$ cat run.txt   # compact mmCIF, C-alpha atoms
# COMPACT_ATOMS: atom_id res chain seq x y z
CA MET A 1 10.61 28.31 -10.21
CA ASP A 2 10.08 31.11 -7.72
CA PHE A 3 9.54 29.51 -4.33
CA SER A 4 9.09 32.80 -2.45
CA ARG A 5 5.63 31.76 -1.18
CA HIS A 6 7.36 29.01 0.81
CA PHE A 7 9.77 31.38 2.52
CA PRO A 8 7.47 32.82 5.22
CA ILE A 9 6.79 29.25 6.33
CA ILE A 10 10.07 27.36 6.02
CA GLY A 11 12.63 30.06 5.15
CA ILE A 12 15.17 30.46 2.35
CA GLU A 13 17.70 28.16 3.97
CA ALA A 14 15.23 25.26 4.17
CA GLN A 15 14.24 25.80 0.55
CA ARG A 16 17.90 25.57 -0.40
CA LYS A 17 18.17 22.34 1.56
CA LEU A 18 15.23 20.88 -0.37
CA SER A 19 16.88 21.87 -3.63
CA GLU A 20 19.93 19.85 -2.61
CA SER A 21 17.90 16.77 -1.66
CA THR A 22 17.28 13.62 -3.67
CA VAL A 23 14.04 11.68 -3.30
CA GLY A 24 13.25 8.26 -4.75
CA VAL A 25 9.73 7.39 -5.88
CA VAL A 26 8.88 3.73 -6.43
CA GLY A 27 6.03 3.32 -8.85
CA ALA A 28 4.73 5.95 -11.25
CA GLY A 29 1.02 5.25 -11.31
CA ALA A 30 -1.69 7.13 -9.49
CA LEU A 31 0.31 7.72 -6.32
CA GLY A 32 3.76 7.89 -7.87
CA SER A 33 2.92 10.39 -10.61
CA TRP A 34 1.31 12.77 -8.10
CA GLU A 35 4.18 12.31 -5.67
CA VAL A 36 6.61 13.31 -8.43
CA TYR A 37 4.40 16.28 -9.28
CA PHE A 38 4.30 17.54 -5.69
CA LEU A 39 8.02 16.87 -5.09
CA HIS A 40 8.79 18.89 -8.21
CA LYS A 41 6.56 21.75 -7.03
CA LEU A 42 8.18 21.57 -3.58
CA GLY A 43 11.53 22.27 -5.17
CA VAL A 44 13.25 18.97 -4.43
CA GLY A 45 16.53 18.99 -6.36
CA LYS A 46 16.54 15.49 -7.77
CA ILE A 47 13.80 12.92 -8.14
CA VAL A 48 14.61 9.31 -8.99
CA VAL A 49 11.67 7.23 -10.28
CA VAL A 50 11.47 3.47 -10.81
CA ASP A 51 8.51 1.99 -12.68
CA ARG A 52 7.90 -0.88 -15.10
CA ASP A 53 4.63 0.18 -16.70
CA PHE A 54 3.15 2.11 -19.63
CA VAL A 55 0.44 4.78 -19.49
CA ASP A 56 -2.98 3.26 -20.08
CA ASP A 57 -6.32 4.91 -20.78
CA SER A 58 -7.62 3.67 -17.40
CA ASP A 59 -4.80 5.59 -15.64
CA LEU A 60 -5.94 9.01 -16.88
CA PRO A 61 -8.63 9.87 -14.29
CA ARG A 62 -6.32 9.50 -11.30
CA THR A 63 -2.83 10.36 -12.56
CA ILE A 64 -1.06 13.40 -13.96
CA TYR A 65 -0.92 11.72 -17.39
CA THR A 66 -2.96 12.96 -20.33
CA LYS A 67 -4.31 11.40 -23.52
CA GLU A 68 -1.17 11.98 -25.59
CA ASP A 69 0.90 10.01 -23.02
CA ILE A 70 -1.01 6.76 -23.62
CA GLY A 71 1.31 3.94 -24.59
CA LYS A 72 4.51 5.63 -23.38
CA PRO A 73 6.54 4.30 -20.46
CA LYS A 74 5.43 6.27 -17.38
CA VAL A 75 9.00 7.11 -16.39
CA GLU A 76 9.62 8.61 -19.85
CA VAL A 77 6.65 10.95 -19.47
CA LEU A 78 7.88 12.02 -16.02
CA LYS A 79 11.33 12.62 -17.47
CA GLU A 80 9.85 14.92 -20.12
CA LYS A 81 7.51 16.77 -17.79
CA PHE A 82 9.58 17.08 -14.61
CA GLY A 83 13.14 16.15 -15.53
CA VAL A 84 13.28 13.17 -13.20
CA GLU A 85 15.93 10.48 -13.36
CA GLY A 86 13.73 7.62 -14.53
CA TYR A 87 14.39 3.89 -14.54
CA PHE A 88 12.09 1.70 -16.60
CA GLU A 89 12.63 -1.26 -14.30
CA ASP A 90 10.85 -3.65 -12.02
CA LEU A 91 11.81 -2.89 -8.42
CA ASN A 92 13.05 -6.06 -6.79
CA PRO A 93 15.95 -7.08 -4.53
CA ALA A 94 18.24 -7.18 -7.57
CA THR A 95 17.42 -3.65 -8.80
CA ILE A 96 16.72 -1.77 -5.57
CA GLY A 97 20.31 -0.49 -5.52
CA ILE A 98 18.99 2.22 -7.92
CA LEU A 99 17.87 3.97 -4.72
CA GLU A 100 21.30 3.95 -3.13
CA LYS A 101 21.87 7.70 -3.42
CA VAL A 102 18.43 8.97 -2.43
CA ASP A 103 17.87 10.71 0.92
CA LEU A 104 14.32 9.43 1.23
CA ILE A 105 11.98 7.01 -0.54
CA ILE A 106 8.28 7.59 -1.19
CA ASP A 107 5.98 4.70 -1.93
CA GLY A 108 3.97 4.79 -5.13
CA THR A 109 3.60 1.03 -5.48
CA ASP A 110 0.40 -0.95 -5.69
CA ASN A 111 1.32 -4.03 -3.69
CA ILE A 112 2.49 -5.16 -0.25
CA TYR A 113 5.29 -7.37 -1.50
CA THR A 114 7.22 -4.45 -3.04
CA ARG A 115 6.58 -2.40 0.10
CA GLN A 116 8.18 -5.11 2.23
CA ILE A 117 11.21 -5.06 -0.08
CA ILE A 118 11.44 -1.26 0.23
CA ASN A 119 11.09 -1.54 4.01
CA ASP A 120 13.88 -4.10 4.34
CA TYR A 121 16.14 -2.04 2.10
CA ALA A 122 15.36 1.25 3.86
CA VAL A 123 15.79 -0.16 7.37
CA LYS A 124 19.00 -1.95 6.40
CA ASN A 125 20.46 1.21 4.87
CA ASN A 126 19.01 3.59 7.43
CA LYS A 127 16.98 5.56 4.89
CA PRO A 128 13.66 7.15 5.82
CA TRP A 129 10.69 6.14 3.69
CA ILE A 130 6.99 6.85 3.54
CA TYR A 131 4.39 4.13 3.05
CA VAL A 132 1.44 5.41 1.02
CA GLY A 133 -1.57 3.36 -0.02
CA VAL A 134 -5.01 4.18 -1.41
CA LEU A 135 -8.18 2.30 -2.16
CA SER A 136 -11.75 3.23 -2.89
CA THR A 137 -12.28 6.60 -1.14
CA TYR A 138 -9.56 6.33 1.52
CA GLY A 139 -5.82 6.28 2.02
CA ASN A 140 -3.04 5.46 4.50
CA ILE A 141 0.24 7.27 4.97
CA MET A 142 2.95 6.22 7.40
CA PRO A 143 6.35 7.89 7.74
CA ILE A 144 9.12 5.45 8.65
CA ILE A 145 12.38 6.61 10.17
CA PRO A 146 14.53 3.51 10.78
CA GLY A 147 15.48 3.14 14.43
CA LYS A 148 13.06 5.87 15.51
CA THR A 149 9.53 5.11 14.39
CA ALA A 150 7.80 1.80 13.82
CA CYS A 151 8.77 0.28 10.48
CA PHE A 152 6.34 -1.20 7.95
CA ARG A 153 6.93 -4.67 9.30
CA CYS A 154 6.23 -3.57 12.88
CA PHE A 155 2.82 -2.73 11.52
CA MET A 156 2.22 -5.36 8.84
CA PRO A 157 3.91 -8.58 9.90
CA LYS A 158 4.05 -10.59 6.72
CA LEU A 159 2.58 -10.82 3.29
CA PRO A 160 -1.17 -10.90 3.71
CA GLU A 161 -2.58 -14.41 3.66
CA ARG A 162 -5.69 -13.17 2.00
CA PRO A 163 -5.02 -10.84 -0.88
CA MET A 164 -5.53 -7.18 -0.14
CA PRO A 165 -8.16 -5.52 -2.28
CA THR A 166 -6.52 -3.70 -5.18
CA CYS A 167 -7.54 -0.53 -7.01
CA ALA A 168 -8.14 -2.55 -10.19
CA VAL A 169 -10.65 -4.76 -8.43
CA ALA A 170 -12.09 -2.64 -5.61
CA GLY A 171 -11.68 0.65 -7.46
CA VAL A 172 -10.39 4.05 -6.40
CA MET A 173 -11.84 7.51 -6.89
CA SER A 174 -9.87 9.93 -9.06
CA TYR A 175 -9.32 12.51 -6.30
CA VAL A 176 -7.95 10.11 -3.69
CA PRO A 177 -4.36 9.38 -4.83
CA SER A 178 -3.43 13.06 -5.21
CA LEU A 179 -4.58 13.77 -1.64
CA ALA A 180 -2.50 10.88 -0.28
CA ALA A 181 0.48 12.04 -2.37
CA SER A 182 0.09 15.60 -1.12
CA ILE A 183 0.14 14.50 2.52
CA ALA A 184 3.11 12.20 1.85
CA VAL A 185 5.14 14.96 0.18
CA GLY A 186 4.33 17.27 3.11
CA LEU A 187 5.78 14.62 5.41
CA ALA A 188 8.77 14.22 3.09
CA ALA A 189 9.50 17.94 3.46
CA LYS A 190 9.39 17.60 7.24
CA ILE A 191 11.75 14.62 7.18
CA LEU A 192 14.19 16.27 4.75
CA LEU A 193 14.24 19.39 6.93
CA GLY A 194 14.90 17.38 10.08
CA GLU A 195 11.60 18.09 11.80
CA GLU A 196 10.23 15.70 14.38
CA ILE A 197 8.20 12.80 13.02
CA LYS A 198 5.73 10.78 15.06
CA SER A 199 5.43 7.03 14.89
CA GLU A 200 1.95 6.93 13.45
CA LEU A 201 -0.31 5.93 10.64
CA ILE A 202 -2.42 8.61 9.04
CA PHE A 203 -5.80 7.56 7.73
CA PHE A 204 -8.19 9.66 5.67
CA ASP A 205 -11.48 8.93 4.02
CA THR A 206 -12.92 11.38 1.51
CA LYS A 207 -16.32 9.76 1.88
CA THR A 208 -16.74 10.05 5.65
CA LEU A 209 -14.39 13.08 5.76
CA GLU A 210 -12.35 11.45 8.51
CA PHE A 211 -8.75 12.34 9.13
CA GLU A 212 -7.24 10.18 11.86
CA ARG A 213 -3.80 9.56 13.25
CA VAL A 214 -3.22 6.18 14.88
CA GLU A 215 -0.11 5.89 17.02
CA VAL A 216 1.86 2.82 15.91
CA PRO A 217 4.51 1.73 18.42
CA ARG A 218 7.67 -0.10 17.45
CA ARG A 219 7.44 -3.82 17.89
CA GLU A 220 10.02 -5.30 20.26
CA GLU A 221 10.28 -8.48 18.22
CA CYS A 222 10.24 -6.86 14.78
CA PRO A 223 12.23 -9.08 12.41
CA ALA A 224 13.27 -6.07 10.31
CA CYS A 225 14.04 -3.06 12.50
CA VAL A 226 14.97 -4.93 15.70
CA LYS A 227 16.38 -8.31 14.66
CA ARG A 228 17.68 -6.97 11.37
CA GLU A 229 16.58 -10.03 9.39
CA PHE A 230 15.92 -8.69 5.93
CA THR A 231 14.12 -11.67 4.49
CA PHE A 232 12.33 -9.75 1.74
CA LEU A 233 15.64 -8.87 0.17
CA GLU A 234 16.15 -12.62 -0.23
CA LYS A 235 12.67 -13.92 -1.02
CA HIS A 236 11.58 -13.87 -4.60
CA MET A 237 8.33 -14.11 -6.35
CA LYS A 238 8.81 -17.13 -8.62
CA ILE A 239 7.97 -16.54 -12.24
CA GLU A 240 8.36 -19.37 -14.71
CA ARG A 241 7.26 -20.22 -18.20
CA LEU A 242 5.30 -23.45 -18.48
CA CYS A 243 5.55 -25.84 -21.45
CA ASP A 244 2.38 -24.51 -23.08
CA GLY A 245 3.84 -21.01 -23.15
CA SER A 246 1.80 -19.68 -20.24
CA ILE A 247 3.49 -17.94 -17.33
CA GLN A 248 3.16 -19.11 -13.74
CA VAL A 249 3.59 -16.70 -10.84
CA THR A 250 4.09 -18.16 -7.36
CA PRO A 251 4.05 -15.70 -4.44
CA PRO A 252 6.95 -15.84 -1.97
CA GLU A 253 4.59 -17.01 0.77
CA LYS A 254 1.55 -19.22 0.39
CA MET A 255 -1.66 -17.21 0.41
CA ASN A 256 -5.20 -18.19 1.27
CA VAL A 257 -7.22 -16.56 -1.49
CA ASN A 258 -10.95 -16.30 -0.93
CA LEU A 259 -12.06 -17.32 -4.43
CA GLU A 260 -15.69 -16.60 -3.67
CA ASN A 261 -14.87 -13.06 -2.70
CA LEU A 262 -12.70 -12.48 -5.74
CA ALA A 263 -15.39 -13.95 -8.01
CA GLY A 264 -17.89 -11.49 -6.54
CA LYS A 265 -15.58 -8.63 -7.42
CA LEU A 266 -15.08 -9.88 -10.96
CA GLU A 267 -18.84 -10.03 -11.29
CA LYS A 268 -19.08 -6.36 -10.34
CA LEU A 269 -16.52 -5.56 -13.02
CA GLY A 270 -18.63 -7.47 -15.55
CA ILE A 271 -15.98 -10.16 -16.03
CA GLU A 272 -17.25 -13.68 -16.67
CA TYR A 273 -15.52 -16.47 -14.81
CA LEU A 274 -15.44 -20.16 -14.08
CA LYS A 275 -15.06 -21.11 -10.42
CA THR A 276 -14.20 -24.50 -8.97
CA SER A 277 -13.25 -25.23 -5.35
CA HIS A 278 -9.58 -24.92 -6.31
CA PHE A 279 -9.34 -22.14 -8.82
CA LEU A 280 -10.94 -19.24 -10.57
CA GLN A 281 -10.58 -18.83 -14.32
CA PHE A 282 -11.37 -15.70 -16.31
CA GLU A 283 -10.26 -13.46 -19.14
CA ASP A 284 -8.84 -9.96 -18.91
CA ASP A 285 -8.41 -8.45 -22.37
CA GLU A 286 -6.04 -10.76 -24.21
CA TYR A 287 -5.06 -12.69 -21.09
CA GLU A 288 -6.54 -15.89 -19.77
CA ILE A 289 -5.98 -16.10 -16.04
CA LEU A 290 -6.21 -18.89 -13.51
CA ILE A 291 -5.94 -18.06 -9.82
CA PHE A 292 -5.49 -20.84 -7.28
CA LYS A 293 -6.32 -20.69 -3.56
CA SER A 294 -2.60 -20.69 -2.70
CA GLY A 295 -2.09 -17.46 -4.64
CA ARG A 296 -0.48 -19.24 -7.57
CA MET A 297 -1.49 -17.63 -10.84
CA ILE A 298 -1.22 -18.95 -14.38
CA ILE A 299 -1.46 -16.49 -17.23
CA ARG A 300 -1.92 -17.34 -20.88
CA GLY A 301 -1.24 -14.60 -23.36
CA ALA A 302 1.36 -12.71 -21.34
CA GLU A 303 4.63 -12.18 -23.14
CA GLY A 304 6.96 -11.61 -20.25
CA GLU A 305 7.67 -11.39 -16.57
CA ILE A 306 6.63 -7.77 -16.15
CA GLU A 307 3.18 -8.29 -17.63
CA ALA A 308 2.73 -11.34 -15.40
CA LYS A 309 3.79 -9.41 -12.29
CA ASN A 310 1.46 -6.55 -13.17
CA LEU A 311 -1.48 -8.92 -13.49
CA PHE A 312 -0.58 -10.54 -10.18
CA ALA A 313 -0.52 -7.13 -8.50
CA ARG A 314 -3.81 -6.19 -10.17
CA TYR A 315 -5.77 -9.16 -8.89
CA LEU A 316 -3.92 -10.34 -5.78
CA GLY A 317 -2.16 -7.16 -4.72
CA GLY A 318 0.76 -9.23 -3.48
CA MET B 1 -15.13 -0.44 28.83
CA VAL B 2 -12.83 -0.72 25.84
CA LYS B 3 -12.78 2.20 23.45
CA VAL B 4 -13.28 1.13 19.84
CA LYS B 5 -12.55 3.44 16.94
CA VAL B 6 -14.09 2.35 13.68
CA PHE B 7 -13.18 3.72 10.30
CA ALA B 8 -14.55 4.19 6.80
CA THR B 9 -17.53 2.02 5.85
CA LEU B 10 -17.91 0.69 9.39
CA ILE B 11 -19.15 4.07 10.63
CA LYS B 12 -22.20 3.70 8.43
CA LEU B 13 -23.05 0.48 10.26
CA THR B 14 -22.39 1.71 13.80
CA GLY B 15 -23.65 5.26 13.35
CA ARG B 16 -20.77 6.46 15.51
CA LYS B 17 -17.03 6.66 15.16
CA ILE B 18 -16.13 5.84 18.76
CA LEU B 19 -17.85 3.04 20.61
CA GLU B 20 -17.48 1.85 24.18
CA VAL B 21 -17.86 -1.88 24.60
CA PRO B 22 -17.23 -4.11 27.62
CA ALA B 23 -14.99 -6.97 26.43
CA GLY B 24 -12.16 -9.07 27.84
CA SER B 25 -10.63 -10.09 24.53
CA VAL B 26 -10.62 -9.06 20.87
CA GLY B 27 -12.69 -12.15 20.01
CA GLU B 28 -15.32 -11.24 22.57
CA LEU B 29 -15.36 -7.66 21.37
CA LEU B 30 -15.93 -8.73 17.76
CA GLU B 31 -18.76 -11.09 18.77
CA LYS B 32 -20.46 -8.19 20.53
CA LEU B 33 -20.01 -5.89 17.57
CA TYR B 34 -21.32 -8.56 15.19
CA SER B 35 -24.47 -9.10 17.23
CA THR B 36 -25.10 -5.39 17.81
CA TYR B 37 -24.50 -4.12 14.30
CA PRO B 38 -25.98 -6.12 11.43
CA GLY B 39 -23.56 -6.35 8.50
CA PHE B 40 -20.47 -5.67 10.62
CA GLU B 41 -19.09 -9.21 10.29
CA GLU B 42 -19.67 -9.22 6.55
CA GLU B 43 -17.92 -5.86 6.18
CA LEU B 44 -14.89 -6.95 8.24
CA LYS B 45 -14.38 -9.90 5.90
CA ARG B 46 -13.45 -7.44 3.18
CA GLY B 47 -10.07 -7.17 4.88
CA PHE B 48 -9.88 -4.87 7.88
CA MET B 49 -6.96 -4.53 10.22
CA ILE B 50 -7.40 -4.61 13.98
CA LEU B 51 -4.98 -2.69 16.16
CA VAL B 52 -4.90 -2.68 19.96
CA ASN B 53 -3.18 0.50 21.12
CA GLY B 54 -1.63 0.75 17.65
CA ARG B 55 -0.36 -2.85 17.62
CA ASN B 56 -1.61 -5.23 14.98
CA ILE B 57 -3.38 -8.15 16.72
CA GLU B 58 -1.49 -10.51 14.42
CA HIS B 59 1.57 -9.57 16.49
CA LEU B 60 -0.30 -10.07 19.75
CA GLN B 61 -2.48 -13.09 20.39
CA GLY B 62 -4.92 -12.68 17.52
CA LEU B 63 -8.54 -13.01 18.61
CA GLN B 64 -7.35 -14.17 22.04
CA THR B 65 -5.58 -10.85 22.64
CA PRO B 66 -6.75 -9.72 26.10
CA LEU B 67 -8.30 -6.28 26.46
CA ARG B 68 -8.18 -4.02 29.50
CA GLU B 69 -10.31 -1.03 30.51
CA GLU B 70 -8.18 1.70 29.00
CA ASP B 71 -7.30 -0.06 25.73
CA ILE B 72 -8.08 1.53 22.40
CA VAL B 73 -9.01 -0.79 19.56
CA SER B 74 -8.86 0.62 16.03
CA ILE B 75 -10.56 -1.26 13.21
CA PHE B 76 -9.69 0.13 9.81
CA PRO B 77 -9.19 -0.90 6.19
CA PRO B 78 -5.55 -0.97 5.14
CA ALA B 79 -5.03 0.56 1.72
CA GLY B 80 -2.67 -1.40 -0.49
CA GLY B 81 -3.36 0.16 -3.86
CA GLY B 82 -1.51 2.85 -5.65

$ encode --input "run.txt" --output "structure tokens"
Amino acid sequence: MDFSRHFPIIGIEAQRKLSESTVGVVGAGALGSWEVYFLHKLGVGKIVVVDRDFVDDSDLPRTIYTKEDIGKPKVEVLKEKFGVEGYFEDLNPATIGILEKVDLIIDGTDNIYTRQIINDYAVKNNKPWIYVGVLSTYGNIMPIIPGKTACFRCFMPKLPERPMPTCAVAGVMSYVPSLAASIAVGLAAKILLGEEIKSELIFFDTKTLEFERVEVPRREECPACVKREFTFLEKHMKIERLCDGSIQVTPPEKMNVNLENLAGKLEKLGIEYLKTSHFLQFEDDEYEILIFKSGRMIIRGAEGEIEAKNLFARYLGG
Amino acid sequence: MVKVKVFATLIKLTGRKILEVPAGSVGELLEKLYSTYPGFEEELKRGFMILVNGRNIEHLQGLQTPLREEDIVSIFPPAGGG
């Protein structure tokens, strides 16, 4: 690629530096696929992608994938299109070593739990990373330079007690993830080129046309970047097969799921459900799902761990 | 007066992005916002994050977090999807 249009802005030397850089992208969905796209167009030398999912029809409006990619592992498509180093893996404390050689990590995940794992790993190994999240018509981006800026845990203390709304449930507009990815890759370029980065969270909303920067200070008592207690590299989401063949997912920390709220969202999606004071039961395609107040989830019809984790992320965003 | 910055769907309810509200604590501030702007409480239940000068109130004293004149409170929806 001819990057000459970049030269008046960053110079040839900086472009060369980008071409020698390695960036890790965790997740290859809406955010991740656009992040890879923009990193490739930026001229980043090597892109490492970790993702455990396949391209689905419902991904097409907000990702770089097209109809003929349906059914293929997302990392395989990114390998073909952009020559990335792809790992068809679940990112967890046991596999995160895949990111050992990257200079920077960009977040393309869809849940807070994985972000806390990335944060612990990045802070522990002194690697910069960028938190990126989208929902509905808005997005958040936060660059994290260990030891310099606030880390993700300075900002978000623990796993949310109440589940965060997810794109599957609350929805997301097609043009939102690419905007978040574009801003994140712009920040990645700044970090890779050694420019100054502020400790802040960037918020945008395509509906209200807001673009805001909120200064986020480091937290003196932060368990991750101050006390260096990397608990998320130790905690595990428990996934077990029950006697009847269903799979049970137990989050690493007890949640307090508002079943009423979740039921309301299912209703909007046209999903029928049964609600008691303890659990919510419904069907999603071939799966039968039970969600308890504590965040425990039982899935009938799921074949393995990855499917179960994906469903957990879809409905509870943990 | 505490300066309150509201984001996203909350602007529709308040009509303005920056509000000035006299309040001695986050709890008191929220009560005032709830009574002034119909629907505000309902909207917040969808999962908003409250920061005082950039610090999450969960790290401070929650709803008891004291507020002073020059404090800036930001109320925004964290985005967890991807």

$ closest_atom_pairs --input "run.txt" --of "chain A" --to "chain B" --cutoff "9 Å" --atoms "only C-alpha atoms" --output "CSV"
residue,atom,partner,partner_atom,distance
A:Gly27,CA,B:Gly82,CA,8.2
A:Ala28,CA,B:Gly82,CA,8.9
A:Gly29,CA,B:Gly82,CA,6.6
A:Ala30,CA,B:Gly82,CA,5.8
A:Leu31,CA,B:Gly82,CA,5.2
A:Gly32,CA,B:Gly82,CA,7.6
A:Asp107,CA,B:Gly82,CA,8.6
A:Gly108,CA,B:Gly82,CA,5.8
A:Thr109,CA,B:Gly82,CA,5.4
A:Asp110,CA,B:Gly82,CA,4.3
A:Asn111,CA,B:Gly80,CA,5.8
A:Ile112,CA,B:Gly80,CA,6.4
A:Val132,CA,B:Gly82,CA,7.7
A:Gly133,CA,B:Ala79,CA,4.8
A:Val134,CA,B:Ala79,CA,4.8
A:Leu135,CA,B:Ala79,CA,5.3
A:Ser136,CA,B:Ala79,CA,8.6
A:Thr137,CA,B:Ala8,CA,8.6
A:Tyr138,CA,B:Ala79,CA,7.3
A:Gly139,CA,B:Ala79,CA,5.8
A:Asn140,CA,B:Ala79,CA,6.0
A:Cys154,CA,B:Arg55,CA,8.1
A:Phe155,CA,B:Asn56,CA,6.2
A:Met156,CA,B:Asn56,CA,7.2
A:Pro157,CA,B:His59,CA,7.1
A:Arg162,CA,B:Gly47,CA,8.0
A:Pro163,CA,B:Gly47,CA,8.5
A:Met164,CA,B:Gly80,CA,6.5
A:Pro165,CA,B:Gly80,CA,7.1
A:Thr166,CA,B:Gly81,CA,5.2
A:Cys167,CA,B:Gly81,CA,5.3
A:Ala168,CA,B:Gly81,CA,8.4
A:Val172,CA,B:Gly81,CA,8.4
A:Pro177,CA,B:Gly82,CA,7.2
A:Glu200,CA,B:Gly54,CA,8.3
A:Leu201,CA,B:Gly54,CA,8.8
A:Phe203,CA,B:Phe76,CA,8.6
A:Phe204,CA,B:Ala8,CA,8.5
A:Asp205,CA,B:Ala8,CA,6.3
A:Lys207,CA,B:Ala8,CA,7.6
A:Thr208,CA,B:Ala8,CA,6.4
A:Leu209,CA,B:Ala8,CA,9.0
A:Glu210,CA,B:Ala8,CA,7.8
A:Glu212,CA,B:Phe7,CA,8.9
A:Val214,CA,B:Gly54,CA,6.3
A:Glu215,CA,B:Gly54,CA,5.4
A:Val216,CA,B:Gly54,CA,4.4
A:Pro217,CA,B:Gly54,CA,6.3
A:Arg218,CA,B:Arg55,CA,8.5
A:Arg219,CA,B:Arg55,CA,7.9
A:Glu221,CA,B:His59,CA,8.9
A:Asn261,CA,B:Arg46,CA,8.3
A:Arg314,CA,B:Gly81,CA,9.0
A:Gly317,CA,B:Gly80,CA,7.2

$ closest_residue --input "run.txt" --among "A:Glu35, A:Glu240, A:Asp57, A:Asp103" --to "Ala122 in chain A" --atoms "only C-alpha atoms"
A:Asp103

$ closest_residue --input "run.txt" --among "A:Tyr121, A:Phe292, A:Tyr287, A:Phe38" --to "Cys225 in chain A" --atoms "only C-alpha atoms"
A:Tyr121

$ residues_around --input "run.txt" --residues "Glu89 in chain A" --least-positions-apart "6" --cutoff "8 Å" --atoms "all atoms listed in the file" --output "list in words"
Val50, Asp51, Arg52 and Thr95 of chain A

$ closest_residue --input "run.txt" --among "A:Tyr273, A:Gln248, A:Lys265, A:Ser199" --to "Met297 in chain A" --atoms "only C-alpha atoms"
A:Gln248

$ atom_distance --input "run.txt" --atom1 "CA of Ile10 in chain A" --atom2 "CA of Leu39 in chain A"
15.4 Å

$ residues_around --input "run.txt" --residues "Tyr37 in chain B" --least-positions-apart "6" --cutoff "10 Å" --atoms "all atoms listed in the file" --output "list in words"
Leu10, Leu13, Thr14 and Gly15 of chain B

$ closest_residue --input "run.txt" --among "A:Lys124, A:Glu220, A:Pro8, A:Val23" --to "Leu60 in chain B" --atoms "only C-alpha atoms"
A:Glu220

$ closest_residue --input "run.txt" --among "B:Met1, B:Ile50, B:Leu63, B:Ile72" --to "Ala23 in chain B" --atoms "only C-alpha atoms"
B:Met1

$ build_atoms --input "run.txt" --residues "range 63-67 of chain B" --atoms "all heavy atoms" --output "mmCIF file, keeping the file's coordinate frame"
data_model
loop_
_atom_site.group_PDB
_atom_site.id
_atom_site.type_symbol
_atom_site.label_atom_id
_atom_site.label_comp_id
_atom_site.auth_asym_id
_atom_site.auth_seq_id
_atom_site.Cartn_x
_atom_site.Cartn_y
_atom_site.Cartn_z
ATOM 1 N N LEU B 63 -7.220 -13.218 17.994
ATOM 2 C CA LEU B 63 -8.540 -13.010 18.610
ATOM 3 C C LEU B 63 -8.498 -13.223 20.120
ATOM 4 O O LEU B 63 -9.358 -12.746 20.853
ATOM 5 C CB LEU B 63 -9.571 -13.948 17.979
ATOM 6 C CG LEU B 63 -9.870 -13.707 16.499
ATOM 7 C CD1 LEU B 63 -10.858 -14.725 15.977
ATOM 8 C CD2 LEU B 63 -10.409 -12.292 16.279
ATOM 9 N N GLN B 64 -7.478 -13.938 20.587
ATOM 10 C CA GLN B 64 -7.350 -14.170 22.040
ATOM 11 C C GLN B 64 -6.698 -12.983 22.759
ATOM 12 O O GLN B 64 -6.564 -13.008 23.977
ATOM 13 C CB GLN B 64 -6.509 -15.413 22.309
ATOM 14 C CG GLN B 64 -7.294 -16.716 22.356
ATOM 15 C CD GLN B 64 -7.500 -17.272 20.959
ATOM 16 O OE1 GLN B 64 -6.538 -17.401 20.214
ATOM 17 N NE2 GLN B 64 -8.728 -17.574 20.605
ATOM 18 N N THR B 65 -6.252 -11.992 22.018
ATOM 19 C CA THR B 65 -5.580 -10.850 22.640
ATOM 20 C C THR B 65 -6.465 -10.270 23.762
ATOM 21 O O THR B 65 -7.607 -9.879 23.522
ATOM 22 C CB THR B 65 -5.321 -9.746 21.584
ATOM 23 O OG1 THR B 65 -4.580 -10.324 20.528
ATOM 24 C CG2 THR B 65 -4.550 -8.575 22.189
ATOM 25 N N PRO B 66 -5.941 -10.248 24.997
ATOM 26 C CA PRO B 66 -6.750 -9.720 26.100
ATOM 27 C C PRO B 66 -6.924 -8.208 26.005
ATOM 28 O O PRO B 66 -6.049 -7.512 25.491
ATOM 29 C CB PRO B 66 -5.949 -10.099 27.352
ATOM 30 C CG PRO B 66 -4.561 -10.323 26.883
ATOM 31 C CD PRO B 66 -4.624 -10.709 25.437
ATOM 32 N N LEU B 67 -8.048 -7.725 26.472
ATOM 33 C CA LEU B 67 -8.300 -6.280 26.460
ATOM 34 C C LEU B 67 -8.515 -5.795 27.894
ATOM 35 O O LEU B 67 -9.133 -6.488 28.708
ATOM 36 C CB LEU B 67 -9.546 -5.969 25.627
ATOM 37 C CG LEU B 67 -9.441 -6.253 24.127
ATOM 38 C CD1 LEU B 67 -10.796 -6.029 23.450
ATOM 39 C CD2 LEU B 67 -8.388 -5.361 23.486
#
